[in-house]
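Shown below: data-v8.pdb, with PDB, C-alpha atoms.
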ATOM      1  CA  MET D 170      18.300 -66.411  10.626
ATOM      2  CA  PRO D 171      19.892 -64.106   8.019
ATOM      3  CA  ASP D 172      23.596 -63.408   8.458
ATOM      4  CA  SER D 173      22.928 -59.723   9.145
ATOM      5  CA  ALA D 174      20.550 -60.595  11.990
ATOM      6  CA  ALA D 175      23.050 -63.086  13.427
ATOM      7  CA  GLN D 176      25.739 -60.420  13.416
ATOM      8  CA  ALA D 177      23.401 -57.980  15.147
ATOM      9  CA  THR D 178      22.907 -60.381  18.079
ATOM     10  CA  GLU D 179      26.512 -61.590  18.204
ATOM     11  CA  ALA D 180      28.331 -60.879  21.460
ATOM     12  CA  MET D 181      31.180 -58.465  20.786
ATOM     13  CA  PRO D 182      34.394 -58.290  22.829
ATOM     14  CA  VAL D 183      34.715 -55.418  25.306
ATOM     15  CA  VAL D 184      38.081 -53.624  25.489
ATOM     16  CA  THR D 185      39.097 -52.053  28.821
ATOM     17  CA  PRO D 186      42.494 -50.297  28.699
ATOM     18  CA  PHE D 187      44.701 -50.540  31.771
ATOM     19  CA  ASP D 188      45.832 -47.518  33.736
ATOM     20  CA  SER D 189      49.422 -48.109  32.657
ATOM     21  CA  ALA D 190      51.723 -47.471  29.724
ATOM     22  CA  LEU D 191      50.253 -50.365  27.756
ATOM     23  CA  GLY D 192      47.787 -53.217  27.963
ATOM     24  CA  ALA D 193      44.046 -53.835  27.967
ATOM     25  CA  GLU D 194      41.656 -56.516  29.183
ATOM     26  CA  ILE D 195      39.344 -58.158  26.654
ATOM     27  CA  SER D 196      36.093 -59.410  28.183
ATOM     28  CA  ASN D 197      32.794 -60.763  26.837
ATOM     29  CA  ILE D 198      34.675 -63.311  24.764
ATOM     30  CA  ASP D 199      35.091 -67.095  24.763
ATOM     31  CA  LEU D 200      38.418 -68.247  23.337
ATOM     32  CA  SER D 201      37.309 -71.886  23.344
ATOM     33  CA  LYS D 202      35.176 -71.083  20.300
ATOM     34  CA  PRO D 203      36.223 -69.750  16.889
ATOM     35  CA  LEU D 204      35.947 -65.971  16.667
ATOM     36  CA  SER D 205      33.846 -64.414  13.941
ATOM     37  CA  ASP D 206      35.523 -61.926  11.640
ATOM     38  CA  ALA D 207      33.805 -59.075  13.487
ATOM     39  CA  GLN D 208      34.973 -60.327  16.883
ATOM     40  CA  PHE D 209      38.490 -60.866  15.626
ATOM     41  CA  ALA D 210      38.581 -57.350  14.166
ATOM     42  CA  VAL D 211      37.919 -55.899  17.640
ATOM     43  CA  VAL D 212      40.694 -58.009  19.162
ATOM     44  CA  GLU D 213      43.170 -57.200  16.388
ATOM     45  CA  ASP D 214      42.482 -53.467  16.643
ATOM     46  CA  ALA D 215      43.006 -53.568  20.418
ATOM     47  CA  PHE D 216      46.208 -55.574  19.915
ATOM     48  CA  LEU D 217      47.694 -52.874  17.693
ATOM     49  CA  LYS D 218      46.598 -50.057  19.989
ATOM     50  CA  HIS D 219      47.459 -51.529  23.394
ATOM     51  CA  LEU D 220      50.262 -54.043  22.568
ATOM     52  CA  VAL D 221      49.337 -56.393  25.449
ATOM     53  CA  LEU D 222      45.934 -58.091  25.744
ATOM     54  CA  VAL D 223      44.653 -60.029  28.766
ATOM     55  CA  PHE D 224      41.755 -62.503  28.627
ATOM     56  CA  ARG D 225      40.646 -63.661  32.090
ATOM     57  CA  GLY D 226      38.809 -66.891  32.899
ATOM     58  CA  GLN D 227      39.655 -68.851  29.747
ATOM     59  CA  PRO D 228      40.023 -72.579  30.604
ATOM     60  CA  ILE D 229      41.066 -73.499  27.072
ATOM     61  CA  THR D 230      42.954 -76.531  25.790
ATOM     62  CA  ASP D 231      46.220 -76.604  23.880
ATOM     63  CA  GLU D 232      44.266 -77.193  20.669
ATOM     64  CA  GLN D 233      42.074 -74.151  21.326
ATOM     65  CA  GLN D 234      45.117 -72.029  22.159
ATOM     66  CA  LEU D 235      46.704 -73.072  18.861
ATOM     67  CA  ALA D 236      43.517 -72.277  16.962
ATOM     68  CA  PHE D 237      43.220 -68.803  18.487
ATOM     69  CA  ALA D 238      46.883 -67.934  17.886
ATOM     70  CA  SER D 239      46.686 -69.133  14.284
ATOM     71  CA  ARG D 240      44.183 -66.354  13.506
ATOM     72  CA  PHE D 241      47.146 -63.963  13.682
ATOM     73  CA  GLY D 242      49.376 -65.869  11.286
ATOM     74  CA  GLU D 243      51.607 -68.884  10.768
ATOM     75  CA  LEU D 244      52.592 -70.675  13.965
ATOM     76  CA  GLU D 245      56.208 -71.581  14.624
ATOM     77  CA  GLY D 246      58.082 -73.865  16.977
ATOM     78  CA  HIS D 247      61.127 -73.170  19.107
ATOM     79  CA  ILE D 248      64.706 -74.333  18.866
ATOM     80  CA  ASN D 249      64.704 -75.027  22.628
ATOM     81  CA  THR D 250      63.539 -78.613  22.168
ATOM     82  CA  PRO D 251      63.413 -79.684  25.868
ATOM     83  CA  THR D 252      60.463 -77.330  26.447
ATOM     84  CA  ARG D 253      58.367 -78.592  23.525
ATOM     85  CA  HIS D 254      54.987 -80.135  24.316
ATOM     86  CA  LYS D 255      55.108 -83.911  23.887
ATOM     87  CA  LYS D 256      52.021 -83.943  21.668
ATOM     88  CA  PHE D 257      51.915 -80.494  20.050
ATOM     89  CA  ASP D 258      55.252 -79.351  18.624
ATOM     90  CA  LYS D 259      54.047 -75.738  18.269
ATOM     91  CA  VAL D 260      53.324 -75.522  22.018
ATOM     92  CA  GLN D 261      56.153 -74.737  24.402
ATOM     93  CA  VAL D 262      55.712 -75.575  28.094
ATOM     94  CA  PHE D 263      57.550 -73.659  30.794
ATOM     95  CA  SER D 264      56.884 -75.724  33.907
ATOM     96  CA  ASN D 265      58.828 -76.493  37.067
ATOM     97  CA  VAL D 266      56.597 -79.508  37.776
ATOM     98  CA  LYS D 267      57.945 -82.994  37.065
ATOM     99  CA  GLU D 268      55.805 -85.941  35.954
ATOM    100  CA  ASP D 269      55.647 -87.237  39.540
ATOM    101  CA  GLY D 270      54.165 -83.931  40.711
ATOM    102  CA  THR D 271      57.268 -82.662  42.524
ATOM    103  CA  THR D 272      59.072 -79.480  41.555
ATOM    104  CA  LEU D 273      62.331 -79.133  39.684
ATOM    105  CA  GLY D 274      63.567 -76.810  42.415
ATOM    106  CA  ARG D 275      64.544 -74.173  39.877
ATOM    107  CA  HIS D 276      63.020 -71.954  37.241
ATOM    108  CA  PRO D 277      62.576 -73.976  34.031
ATOM    109  CA  GLU D 278      64.072 -71.285  31.747
ATOM    110  CA  LEU D 279      66.386 -68.596  33.132
ATOM    111  CA  GLY D 280      66.189 -66.595  29.911
ATOM    112  CA  THR D 281      62.605 -65.588  30.711
ATOM    113  CA  LEU D 282      63.756 -63.812  33.885
ATOM    114  CA  VAL D 283      65.559 -61.059  31.975
ATOM    115  CA  TRP D 284      64.204 -58.433  29.592
ATOM    116  CA  HIS D 285      63.860 -59.661  26.019
ATOM    117  CA  THR D 286      61.647 -59.744  22.942
ATOM    118  CA  ASP D 287      60.746 -63.180  21.679
ATOM    119  CA  LYS D 288      62.973 -64.848  19.116
ATOM    120  CA  SER D 289      64.797 -61.658  18.144
ATOM    121  CA  TYR D 290      67.784 -63.950  17.489
ATOM    122  CA  VAL D 291      66.253 -65.148  14.196
ATOM    123  CA  ALA D 292      65.884 -63.289  10.896
ATOM    124  CA  GLU D 293      62.083 -63.059  11.207
ATOM    125  CA  PRO D 294      61.274 -62.739  14.938
ATOM    126  CA  SER D 295      57.903 -63.601  16.446
ATOM    127  CA  LEU D 296      54.958 -61.332  15.682
ATOM    128  CA  THR D 297      52.999 -62.250  18.791
ATOM    129  CA  THR D 298      53.201 -64.665  21.704
ATOM    130  CA  VAL D 299      50.105 -66.233  23.267
ATOM    131  CA  LEU D 300      50.371 -67.683  26.772
ATOM    132  CA  ARG D 301      47.925 -69.468  29.049
ATOM    133  CA  SER D 302      48.302 -70.279  32.721
ATOM    134  CA  PRO D 303      46.961 -73.655  33.890
ATOM    135  CA  GLU D 304      49.022 -73.416  37.108
ATOM    136  CA  ILE D 305      50.396 -70.301  38.805
ATOM    137  CA  ALA D 306      52.615 -69.413  41.751
ATOM    138  CA  SER D 307      50.835 -67.880  44.741
ATOM    139  CA  GLU D 308      53.604 -65.307  45.042
ATOM    140  CA  GLY D 309      55.955 -64.037  42.340
ATOM    141  CA  GLY D 310      56.045 -65.215  38.770
ATOM    142  CA  ASP D 311      54.476 -61.986  37.491
ATOM    143  CA  THR D 312      55.164 -61.012  33.889
ATOM    144  CA  LEU D 313      56.372 -57.462  33.234
ATOM    145  CA  PHE D 314      55.845 -55.731  29.913
ATOM    146  CA  ALA D 315      57.642 -52.587  28.750
ATOM    147  CA  ASN D 316      56.258 -50.264  26.089
ATOM    148  CA  ALA D 317      59.326 -49.927  23.882
ATOM    149  CA  GLN D 318      57.460 -47.589  21.524
ATOM    150  CA  ALA D 319      56.694 -45.062  24.262
ATOM    151  CA  ALA D 320      60.289 -45.447  25.426
ATOM    152  CA  TYR D 321      61.591 -44.555  21.966
ATOM    153  CA  ASP D 322      59.306 -41.514  21.815
ATOM    154  CA  ALA D 323      60.670 -40.369  25.186
ATOM    155  CA  LEU D 324      64.318 -40.405  24.064
ATOM    156  CA  ASP D 325      65.952 -37.052  23.561
ATOM    157  CA  PRO D 326      66.352 -36.068  19.889
ATOM    158  CA  ALA D 327      70.120 -36.563  19.931
ATOM    159  CA  THR D 328      69.803 -40.155  21.133
ATOM    160  CA  ARG D 329      67.091 -40.929  18.603
ATOM    161  CA  GLN D 330      69.310 -39.549  15.860
ATOM    162  CA  ARG D 331      72.254 -41.573  17.190
ATOM    163  CA  ILE D 332      70.460 -44.931  17.167
ATOM    164  CA  ASP D 333      68.446 -44.501  13.969
ATOM    165  CA  GLY D 334      70.342 -46.532  11.423
ATOM    166  CA  LEU D 335      72.368 -48.527  13.972
ATOM    167  CA  LYS D 336      72.021 -52.295  14.106
ATOM    168  CA  ALA D 337      72.604 -54.744  16.938
ATOM    169  CA  VAL D 338      73.613 -58.378  16.621
ATOM    170  CA  HIS D 339      71.139 -60.782  18.263
ATOM    171  CA  SER D 340      72.471 -64.222  19.165
ATOM    172  CA  TRP D 341      70.848 -67.302  20.729
ATOM    173  CA  LYS D 342      74.328 -68.558  21.693
ATOM    174  CA  ARG D 343      75.248 -65.311  23.464
ATOM    175  CA  SER D 344      71.813 -65.101  25.077
ATOM    176  CA  ARG D 345      72.311 -68.503  26.708
ATOM    177  CA  GLU D 346      75.747 -67.513  27.936
ATOM    178  CA  LYS D 347      74.492 -64.270  29.491
ATOM    179  CA  VAL D 348      71.892 -65.986  31.702
ATOM    180  CA  GLY D 349      73.932 -69.063  32.596
ATOM    181  CA  GLU D 350      71.625 -71.571  30.891
ATOM    182  CA  ALA D 351      72.765 -74.758  29.148
ATOM    183  CA  PRO D 352      75.028 -73.763  26.232
ATOM    184  CA  ALA D 353      73.540 -73.581  22.770
ATOM    185  CA  THR D 354      73.988 -76.800  20.844
ATOM    186  CA  ALA D 355      75.584 -77.003  17.414
ATOM    187  CA  ASP D 356      72.152 -77.712  15.887
ATOM    188  CA  GLN D 357      70.641 -74.681  17.640
ATOM    189  CA  ILE D 358      73.433 -72.400  16.472
ATOM    190  CA  ALA D 359      72.986 -73.693  12.919
ATOM    191  CA  ALA D 360      69.232 -73.083  13.147
ATOM    192  CA  ALA D 361      69.677 -69.602  14.619
ATOM    193  CA  PRO D 362      73.024 -68.043  13.660
ATOM    194  CA  PRO D 363      73.658 -64.454  14.818
ATOM    195  CA  VAL D 364      71.546 -61.884  12.986
ATOM    196  CA  GLU D 365      71.468 -58.085  12.732
ATOM    197  CA  HIS D 366      68.367 -56.030  13.505
ATOM    198  CA  PRO D 367      67.779 -52.261  13.743
ATOM    199  CA  ILE D 368      68.061 -50.855  17.258
ATOM    200  CA  ALA D 369      65.193 -48.523  16.366
ATOM    201  CA  ARG D 370      62.625 -50.887  14.847
ATOM    202  CA  THR D 371      59.638 -49.651  12.831
ATOM    203  CA  HIS D 372      56.276 -51.360  13.307
ATOM    204  CA  PRO D 373      55.148 -52.684   9.906
ATOM    205  CA  ILE D 374      51.494 -51.702  10.418
ATOM    206  CA  THR D 375      51.378 -48.638  12.682
ATOM    207  CA  GLY D 376      54.711 -47.139  11.575
ATOM    208  CA  ARG D 377      55.726 -46.419  15.175
ATOM    209  CA  LYS D 378      59.355 -46.927  16.154
ATOM    210  CA  CYS D 379      60.498 -48.802  19.242
ATOM    211  CA  ILE D 380      63.734 -49.551  21.084
ATOM    212  CA  TYR D 381      64.493 -53.083  19.929
ATOM    213  CA  VAL D 382      67.011 -54.476  22.411
ATOM    214  CA  GLY D 383      67.072 -57.030  25.263
ATOM    215  CA  SER D 384      68.974 -60.040  26.504
ATOM    216  CA  HIS D 385      69.308 -61.625  23.059
ATOM    217  CA  THR D 386      71.499 -58.752  21.881
ATOM    218  CA  SER D 387      75.226 -59.316  21.750
ATOM    219  CA  HIS D 388      76.802 -56.078  20.486
ATOM    220  CA  VAL D 389      76.315 -53.148  18.120
ATOM    221  CA  SER D 390      77.515 -53.685  14.555
ATOM    222  CA  GLY D 391      80.437 -51.479  13.563
ATOM    223  CA  MET D 392      80.887 -49.997  17.047
ATOM    224  CA  ASP D 393      83.597 -50.553  19.642
ATOM    225  CA  HIS D 394      82.433 -53.618  21.574
ATOM    226  CA  ASP D 395      82.359 -52.090  25.052
ATOM    227  CA  GLU D 396      80.803 -48.858  23.800
ATOM    228  CA  GLY D 397      78.110 -50.819  22.004
ATOM    229  CA  VAL D 398      77.341 -53.034  24.986
ATOM    230  CA  LYS D 399      76.986 -49.942  27.163
ATOM    231  CA  LEU D 400      74.651 -48.323  24.645
ATOM    232  CA  LEU D 401      72.444 -51.410  24.587
ATOM    233  CA  ALA D 402      72.374 -51.549  28.392
ATOM    234  CA  ASP D 403      71.531 -47.851  28.643
ATOM    235  CA  LEU D 404      68.684 -48.200  26.151
ATOM    236  CA  GLU D 405      67.284 -51.229  27.959
ATOM    237  CA  ALA D 406      67.450 -49.405  31.300
ATOM    238  CA  HIS D 407      65.631 -46.444  29.764
ATOM    239  CA  ALA D 408      62.918 -48.597  28.192
ATOM    240  CA  THR D 409      62.223 -50.571  31.365
ATOM    241  CA  GLN D 410      61.554 -47.676  33.696
ATOM    242  CA  ASP D 411      58.419 -48.071  35.817
ATOM    243  CA  LYS D 412      56.540 -45.470  33.791
ATOM    244  CA  PHE D 413      56.710 -47.695  30.699
ATOM    245  CA  ILE D 414      55.681 -50.967  32.422
ATOM    246  CA  TYR D 415      52.556 -53.047  32.923
ATOM    247  CA  ARG D 416      52.856 -55.782  35.582
ATOM    248  CA  HIS D 417      50.652 -58.786  34.950
ATOM    249  CA  LYS D 418      49.671 -60.735  38.067
ATOM    250  CA  TRP D 419      48.599 -64.121  36.823
ATOM    251  CA  GLN D 420      45.316 -65.825  37.631
ATOM    252  CA  VAL D 421      44.531 -69.435  36.771
ATOM    253  CA  ASN D 422      43.179 -69.701  33.209
ATOM    254  CA  ASP D 423      44.485 -66.343  32.066
ATOM    255  CA  VAL D 424      45.341 -66.022  28.394
ATOM    256  CA  ILE D 425      47.664 -63.179  27.495
ATOM    257  CA  MET D 426      49.215 -62.060  24.230
ATOM    258  CA  TRP D 427      51.527 -59.254  23.188
ATOM    259  CA  ASP D 428      53.089 -57.588  20.178
ATOM    260  CA  ASN D 429      56.799 -58.411  20.043
ATOM    261  CA  ARG D 430      57.262 -55.602  17.508
ATOM    262  CA  GLY D 431      56.823 -52.923  20.167
ATOM    263  CA  THR D 432      57.451 -54.450  23.593
ATOM    264  CA  MET D 433      59.917 -56.192  25.877
ATOM    265  CA  HIS D 434      58.994 -58.538  28.706
ATOM    266  CA  CYS D 435      60.379 -60.638  31.546
ATOM    267  CA  VAL D 436      59.170 -62.789  34.438
ATOM    268  CA  THR D 437      59.727 -61.970  38.103
ATOM    269  CA  PRO D 438      61.288 -64.685  40.293
ATOM    270  CA  TYR D 439      59.252 -67.067  42.437
ATOM    271  CA  ASP D 440      60.116 -69.874  44.861
ATOM    272  CA  ALA D 441      60.535 -72.624  42.298
ATOM    273  CA  ALA D 442      61.296 -75.201  44.994
ATOM    274  CA  LYS D 443      57.945 -74.712  46.744
ATOM    275  CA  GLU D 444      55.644 -73.123  44.173
ATOM    276  CA  LYS D 445      54.267 -74.922  41.113
ATOM    277  CA  ARG D 446      53.965 -72.874  37.933
ATOM    278  CA  ALA D 447      53.156 -73.907  34.359
ATOM    279  CA  ILE D 448      52.807 -71.666  31.316
ATOM    280  CA  HIS D 449      51.870 -72.907  27.831
ATOM    281  CA  ARG D 450      53.272 -70.769  25.013
ATOM    282  CA  VAL D 451      52.445 -70.448  21.320
ATOM    283  CA  VAL D 452      54.172 -68.006  18.971
ATOM    284  CA  VAL D 453      53.218 -66.568  15.608
ATOM    285  CA  LYS D 454      55.906 -65.980  12.995
ATOM    286  CA  GLY D 455      56.652 -62.360  12.130
ATOM    287  CA  ASP D 456      58.657 -60.615   9.448
ATOM    288  CA  ARG D 457      62.121 -59.119   9.143
ATOM    289  CA  PRO D 458      62.527 -55.971  11.285
ATOM    290  CA  PHE D 459      63.279 -52.703   9.511
TER     291      PHE D 459
END

Taking this structure as input, can you express it in the form of structure tokens?
Amino acid sequence: MPDSAAQATEAMPVVTPFDSALGAEISNIDLSKPLSDAQFAVVEDAFLKHLVLVFRGQPITDEQQLAFASRFGELEGHINTPTRHKKFDKVQVFSNVKEDGTTLGRHPELGTLVWHTDKSYVAEPSLTTVLRSPEIASEGGDTLFANAQAAYDALDPATRQRIDGLKAVHSWKRSREKVGEAPATADQIAAAPPVEHPIARTHPITGRKCIYVGSHTSHVSGMDHDEGVKLLADLEAHATQDKFIYRHKWQVNDVIMWDNRGTMHCVTPYDAAKEKRAIHRVVVKGDRPF
């Protein structure tokens, strides 16, 4: 069959936007198979428009998750070595289930419970994060996403003028301290020393600005410490109002991805002593915020 005829009969993804500030479901797609260029173009366009994409009913493997994520760019690991997959170093596993099948009795990573944008504590933060859900909690464990671009647009002109040009320091060490997790190791601090990023970040493709803050921020460069911390907290509170949020209620075999260049996210608590929950995570390297 000629290529043109094959393309004419090829199943194309269907994009259904959510009735919320961001997000869309992508159906009529099988992530266990390589996407054609035409199929990928639909997904990529939806990704830029809607920031969060949900693919339901995708019982894919770690290898297939890695292959799909790699279409968006170079994959990267994580400095949090205890959560690395034993076989695939680019897969991170957030699970409260031990090898004997019992639960840890606690959430496996407290940093995911607070608002953040992935790996903002490095010079070139993650472009996108791709998650899949082989095991979910029956109650709780939802993932919340905030549209930080819409939140920036909704700021009053004086506040936009105030933050344009300001930079915040993002720090893995400070992030760990804020949530009460195990302290950053010397190797982790060396791998991810504190870094400055614009508080009003510009998307490299769409040109839209967003409020680029979250739990990885430490303080505002060149500003009184307490004043800067308050500014960061105020901006985060503004950006995470209900009107800017999509709440994702997980189903088994969901795959979800989002644009870290225009969003923040966090996980809601669940009973980690009784409920079993496992999320496999792959991230794609981004570029330096501006």

Could you work out an axis-aligned box for segment 446-454 of chain D, taking every atom the file lists and adding 3 Å on each side, and report centre and edge lengths in Å to one decimal, as AutoDock Vina command-line options?
--center_x 53.9 --center_y -69.9 --center_z 25.5 --size_x 10.0 --size_y 13.9 --size_z 30.9

Neighbourhood query: residues within 9 Å of (75.9, -59.4, 13.6), file coordinates, counting all atoms listed in the file; return as a PDB file with C-alpha atoms, keeping the file's coordinate frame.
ATOM      1  CA  LYS D 336      72.021 -52.295  14.106  1.00  0.00           C
ATOM      2  CA  ALA D 337      72.604 -54.744  16.938  1.00  0.00           C
ATOM      3  CA  VAL D 338      73.613 -58.378  16.621  1.00  0.00           C
ATOM      4  CA  HIS D 339      71.139 -60.782  18.263  1.00  0.00           C
ATOM      5  CA  SER D 340      72.471 -64.222  19.165  1.00  0.00           C
ATOM      6  CA  PRO D 363      73.658 -64.454  14.818  1.00  0.00           C
ATOM      7  CA  VAL D 364      71.546 -61.884  12.986  1.00  0.00           C
ATOM      8  CA  GLU D 365      71.468 -58.085  12.732  1.00  0.00           C
ATOM      9  CA  HIS D 366      68.367 -56.030  13.505  1.00  0.00           C
ATOM     10  CA  SER D 387      75.226 -59.316  21.750  1.00  0.00           C
ATOM     11  CA  HIS D 388      76.802 -56.078  20.486  1.00  0.00           C
ATOM     12  CA  VAL D 389      76.315 -53.148  18.120  1.00  0.00           C
ATOM     13  CA  SER D 390      77.515 -53.685  14.555  1.00  0.00           C
TER      14      SER D 390
END

Once the PyMOL selection byres ((chain D and resi 373) around 9) is applied to the coordinates I shared, what remains selected? I want it as an MDAnalysis selection string. chainID D and resid 371:372 374:377 430 456 458:459

With the PyMOL selection byres ((chain D and resi 437-442) around 6) as the selection, what would be picked from this file? Answer as a compact mmCIF listing (two decimals) with C-alpha atoms, keeping the file's coordinate frame, please.
# COMPACT_ATOMS: atom_id res chain seq x y z
CA THR D 272 59.07 -79.48 41.56
CA GLY D 274 63.57 -76.81 42.42
CA ARG D 275 64.54 -74.17 39.88
CA HIS D 276 63.02 -71.95 37.24
CA GLY D 309 55.96 -64.04 42.34
CA GLY D 310 56.04 -65.22 38.77
CA ASP D 311 54.48 -61.99 37.49
CA VAL D 436 59.17 -62.79 34.44
CA LYS D 443 57.94 -74.71 46.74
CA GLU D 444 55.64 -73.12 44.17

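The shortest atom-to-atom distance to Gly192 of chain D, with all atoms listed in the file taken into account, belongs to D:Leu313 out of D:Leu313, D:Ala447, D:Leu235, D:Ile248.
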
Exactly which residues make up the result of the PyMOL selection byres ((chain D and resi 300) around 12) on this file, given as an NGL selection string? :D and (221-225 or 227 or 229-231 or 233-235 or 237-238 or 260-263 or 297-299 or 301-304 or 312 or 419 or 421-427 or 447-453)

Next, dump the selected residues to file, keeping only C-alpha atoms, as a PDB file, keeping the file's coordinate frame.
ATOM      1  CA  VAL D 221      49.337 -56.393  25.449  1.00  0.00           C
ATOM      2  CA  LEU D 222      45.934 -58.091  25.744  1.00  0.00           C
ATOM      3  CA  VAL D 223      44.653 -60.029  28.766  1.00  0.00           C
ATOM      4  CA  PHE D 224      41.755 -62.503  28.627  1.00  0.00           C
ATOM      5  CA  ARG D 225      40.646 -63.661  32.090  1.00  0.00           C
ATOM      6  CA  GLN D 227      39.655 -68.851  29.747  1.00  0.00           C
ATOM      7  CA  ILE D 229      41.066 -73.499  27.072  1.00  0.00           C
ATOM      8  CA  THR D 230      42.954 -76.531  25.790  1.00  0.00           C
ATOM      9  CA  ASP D 231      46.220 -76.604  23.880  1.00  0.00           C
ATOM     10  CA  GLN D 233      42.074 -74.151  21.326  1.00  0.00           C
ATOM     11  CA  GLN D 234      45.117 -72.029  22.159  1.00  0.00           C
ATOM     12  CA  LEU D 235      46.704 -73.072  18.861  1.00  0.00           C
ATOM     13  CA  PHE D 237      43.220 -68.803  18.487  1.00  0.00           C
ATOM     14  CA  ALA D 238      46.883 -67.934  17.886  1.00  0.00           C
ATOM     15  CA  VAL D 260      53.324 -75.522  22.018  1.00  0.00           C
ATOM     16  CA  GLN D 261      56.153 -74.737  24.402  1.00  0.00           C
ATOM     17  CA  VAL D 262      55.712 -75.575  28.094  1.00  0.00           C
ATOM     18  CA  PHE D 263      57.550 -73.659  30.794  1.00  0.00           C
ATOM     19  CA  THR D 297      52.999 -62.250  18.791  1.00  0.00           C
ATOM     20  CA  THR D 298      53.201 -64.665  21.704  1.00  0.00           C
ATOM     21  CA  VAL D 299      50.105 -66.233  23.267  1.00  0.00           C
ATOM     22  CA  ARG D 301      47.925 -69.468  29.049  1.00  0.00           C
ATOM     23  CA  SER D 302      48.302 -70.279  32.721  1.00  0.00           C
ATOM     24  CA  PRO D 303      46.961 -73.655  33.890  1.00  0.00           C
ATOM     25  CA  GLU D 304      49.022 -73.416  37.108  1.00  0.00           C
ATOM     26  CA  THR D 312      55.164 -61.012  33.889  1.00  0.00           C
ATOM     27  CA  TRP D 419      48.599 -64.121  36.823  1.00  0.00           C
ATOM     28  CA  VAL D 421      44.531 -69.435  36.771  1.00  0.00           C
ATOM     29  CA  ASN D 422      43.179 -69.701  33.209  1.00  0.00           C
ATOM     30  CA  ASP D 423      44.485 -66.343  32.066  1.00  0.00           C
ATOM     31  CA  VAL D 424      45.341 -66.022  28.394  1.00  0.00           C
ATOM     32  CA  ILE D 425      47.664 -63.179  27.495  1.00  0.00           C
ATOM     33  CA  MET D 426      49.215 -62.060  24.230  1.00  0.00           C
ATOM     34  CA  TRP D 427      51.527 -59.254  23.188  1.00  0.00           C
ATOM     35  CA  ALA D 447      53.156 -73.907  34.359  1.00  0.00           C
ATOM     36  CA  ILE D 448      52.807 -71.666  31.316  1.00  0.00           C
ATOM     37  CA  HIS D 449      51.870 -72.907  27.831  1.00  0.00           C
ATOM     38  CA  ARG D 450      53.272 -70.769  25.013  1.00  0.00           C
ATOM     39  CA  VAL D 451      52.445 -70.448  21.320  1.00  0.00           C
ATOM     40  CA  VAL D 452      54.172 -68.006  18.971  1.00  0.00           C
ATOM     41  CA  VAL D 453      53.218 -66.568  15.608  1.00  0.00           C
TER      42      VAL D 453
END

Atomic distance atom CA of Val212 of chain D - atom CA of Ala180 of chain D, expressed in Å with one decimal: 12.9 Å

Pick the closest to Val183 of chain D from D:Pro203, D:Met392, D:Leu404, D:Val211: which is it, counting all atoms listed in the file?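 Smallest distance to Val183 of chain D is found for D:Val211.
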
Tell me, as a count of residues only, which residues lie within 7 Å of Asp287 of chain D, counting all atoms listed in the file; anything in the same chain fewer than 5 positions away does not count. 3

Atom CA of Asp188 of chain D and atom CA of Ala319 of chain D are how many Å apart? 14.6 Å

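Minimum atom-to-atom distances from D:Thr432, D:Gln410, D:Thr281, D:Ser384 to Val398 of chain D were compared using only C-alpha atoms, and the lowest value belongs to D:Ser384.
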
With distances taken over all atoms listed in the file, the candidate from D:Arg331, D:Arg343, D:His285, D:Lys445 nearest Ile305 of chain D is D:Lys445

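Ranking D:Asp214, D:Ala406, D:Glu293, D:Gly226 by their shortest atom-to-atom distance to Asp199 of chain D, with all atoms listed in the file included, puts D:Gly226 first.
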
Kindly indicate which residue among D:Trp284, D:Tyr415, D:Tyr290, D:Trp341 lies nearest to His219 of chain D, using only C-alpha atoms for the distances.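 Using only C-alpha atoms, His219 of chain D sits closest to D:Tyr415.
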
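The space between atom CA of Lys399 of chain D and atom CA of Ala315 of chain D spans 19.6 Å.
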
Can you list, as a list in words, every protein, DNA or RNA residue that comes within 9 Å of Gln208 of chain D when you count only C-alpha atoms, leaving out same-chain residues fewer than 3 positions away?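 Skipping anything fewer than 3 positions along the chain leaves Glu179, Ala180, Met181, Pro182, Ile198, Leu204, Ser205, Val211, Val212 and Glu213 of chain D.
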
I need the chosen residues saved as a PDB file, keeping the file's coordinate frame, with C-alpha atoms.
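New file part_24.pdb:
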ATOM      1  CA  GLU D 179      26.512 -61.590  18.204  1.00  0.00           C
ATOM      2  CA  ALA D 180      28.331 -60.879  21.460  1.00  0.00           C
ATOM      3  CA  MET D 181      31.180 -58.465  20.786  1.00  0.00           C
ATOM      4  CA  PRO D 182      34.394 -58.290  22.829  1.00  0.00           C
ATOM      5  CA  ILE D 198      34.675 -63.311  24.764  1.00  0.00           C
ATOM      6  CA  LEU D 204      35.947 -65.971  16.667  1.00  0.00           C
ATOM      7  CA  SER D 205      33.846 -64.414  13.941  1.00  0.00           C
ATOM      8  CA  VAL D 211      37.919 -55.899  17.640  1.00  0.00           C
ATOM      9  CA  VAL D 212      40.694 -58.009  19.162  1.00  0.00           C
ATOM     10  CA  GLU D 213      43.170 -57.200  16.388  1.00  0.00           C
TER      11      GLU D 213
END
